[in-house]
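Written out below as structure tokens is the structure these notes cover.
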Amino acid sequence: MTADSHDQLIRGLAADLQPVRRLPPPLFRALAWLAVLTTLAIGLAAFANLDSAWQRISAAPALWLAVIGSTSAAILAAIATFELSLPDAPRAWALLPLPAALLWVGASGFGCLRVWIAPQSHVAVMSEARDCLMFIVFLSVPLSALLLTMLRRAYPLYPGLTAAIGGLAVAAAAATLLNFFHPYDAAATDLVVHAVAVALVIAANRALGRRILAVPAFAGIDVTTDRVGPN
């Protein structure tokens with residue numbers, strides 16, 4: 001191939017190329033998602049009995065530690081998700097929300113002891129626990145849709161992992177907002193239902209994210225296993 005034909009080939013290939021709009025930095029995109037979440041929280045707070053919620057949460061260390069844990073898990077998981085959306089991001093970002101998630105789970109589990117210490121505590125019956133599940137799942141739908149839409153142009157190398165951490169951010173956010181309308185103490189049944197709801201949200205986000213965020217096949221990425229390698 002001569003130099004002229006080589007140059008002609010390059011010009012032909014580049015003739016229809018369009019400029020690519022650069023994505024904002026991951027932290028900026030995470031803050032944008034969190035800003036929408038904050039707006040939603042303010043809207044829900046307008047319909048909640050904040051005095052009652054505050055009295056219940058501040059009455060026991062385990063309750064406010066669980067709220068701190070779920071809130072921190074939502075924030076850190078959102079940051080980790082957008083960092084993981086970069087093609088060159090290390091998978092270690094997935095560990096960022098782990099300490100907060102452990103605090104959330106541990107403090108929530110410790111709250112079960114209040115039923116033994118204070119038998120007069122209002123423990124959720126199955127119908128009330130089911131309402132918690134519906135709240136977390138239904139609130140997670142728009143939050144997940146927004147998150148996956150914001151991630152769609154990023155093409156992460158690990159779409160399943162990225163979406164799963166995003167699901168953790170969504171589930172933790174929904175569980176945090178549930179405290180506005182959760183007028184009873186944690187018990188084993190309530191915690192099991194919460195765990196099921198969180199697991200459903202994470203699993204659904206991972207399943208959808210592996211399809212929506214999948215890297216094109218020509219990039220040499222096995223999107224079914226989240227491993228980099230030849231097709």
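Going through the structure tokens in order, the chains are called A, B, and so on, while each chain numbers its residues from 1 and the ligands are numbered from 1 in the order shown.
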Spatial neighbours of A:Ser70, max dist 12 Å, only C-alpha atoms, sep filter under 2 positions, as a PyMOL selection string
chain A and resi 63-68+72-77+97-108+168-179+198
Name the residues of stretch 12-196 of chain A that come out as helix (DSSP H, G or I) in a backbone DSSP run; write them as a VMD selection string.
chain A and resid 12 to 14 26 to 45 50 to 58 61 to 84 91 to 95 98 to 110 113 to 117 126 to 151 159 to 181 188 to 196
Set the distance at 10 Å and use only C-alpha atoms: which residues neighbour A:Ala203 once local chain neighbours fewer than 2 positions away are removed? I'd like the list as a list in words.
Gly160, Ala163, Ala164, Gly167, Leu168, Ala197, Val198, Ala199, Leu200, Val201, Asn205, Arg206, Ala207, Leu208 and Gly209 of chain A
Figure out the distance between atom CA of A:Pro159 and atom CA of A:Val193, please, to one decimal in Å.
27.4 Å
Which residues are near stretch 27-43 of chain A? Cut-off 6 Å, only C-alpha atoms, ignore same chain within fewer than 2 positions. Put them as a ChimeraX atom specification.
/A:25,45-46,78-79
Using only C-alpha atoms, please write the residues we just selected to a file, as a short mmCIF file (atom, residue, chain, number, x, y, z; two decimals), in the first residue's frame.
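Dumped to out18.cif:
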data_model
loop_
_atom_site.label_atom_id
_atom_site.label_comp_id
_atom_site.auth_asym_id
_atom_site.auth_seq_id
_atom_site.Cartn_x
_atom_site.Cartn_y
_atom_site.Cartn_z
CA PRO A 25 -15.37 13.69 36.55
CA ALA A 45 -39.43 14.81 54.90
CA ALA A 46 -42.28 17.22 54.21
CA ALA A 78 -22.28 6.17 44.84
CA ILE A 79 -18.73 7.56 44.65
#
Report, in Å to a single decimal, how far apart atom CA of A:Arg130 and atom CA of A:Leu161 are.
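So the answer is 28.4 Å.
The spacing separating atom CA of A:Ala53 from atom CA of A:Ala145 amounts to 28.4 Å.
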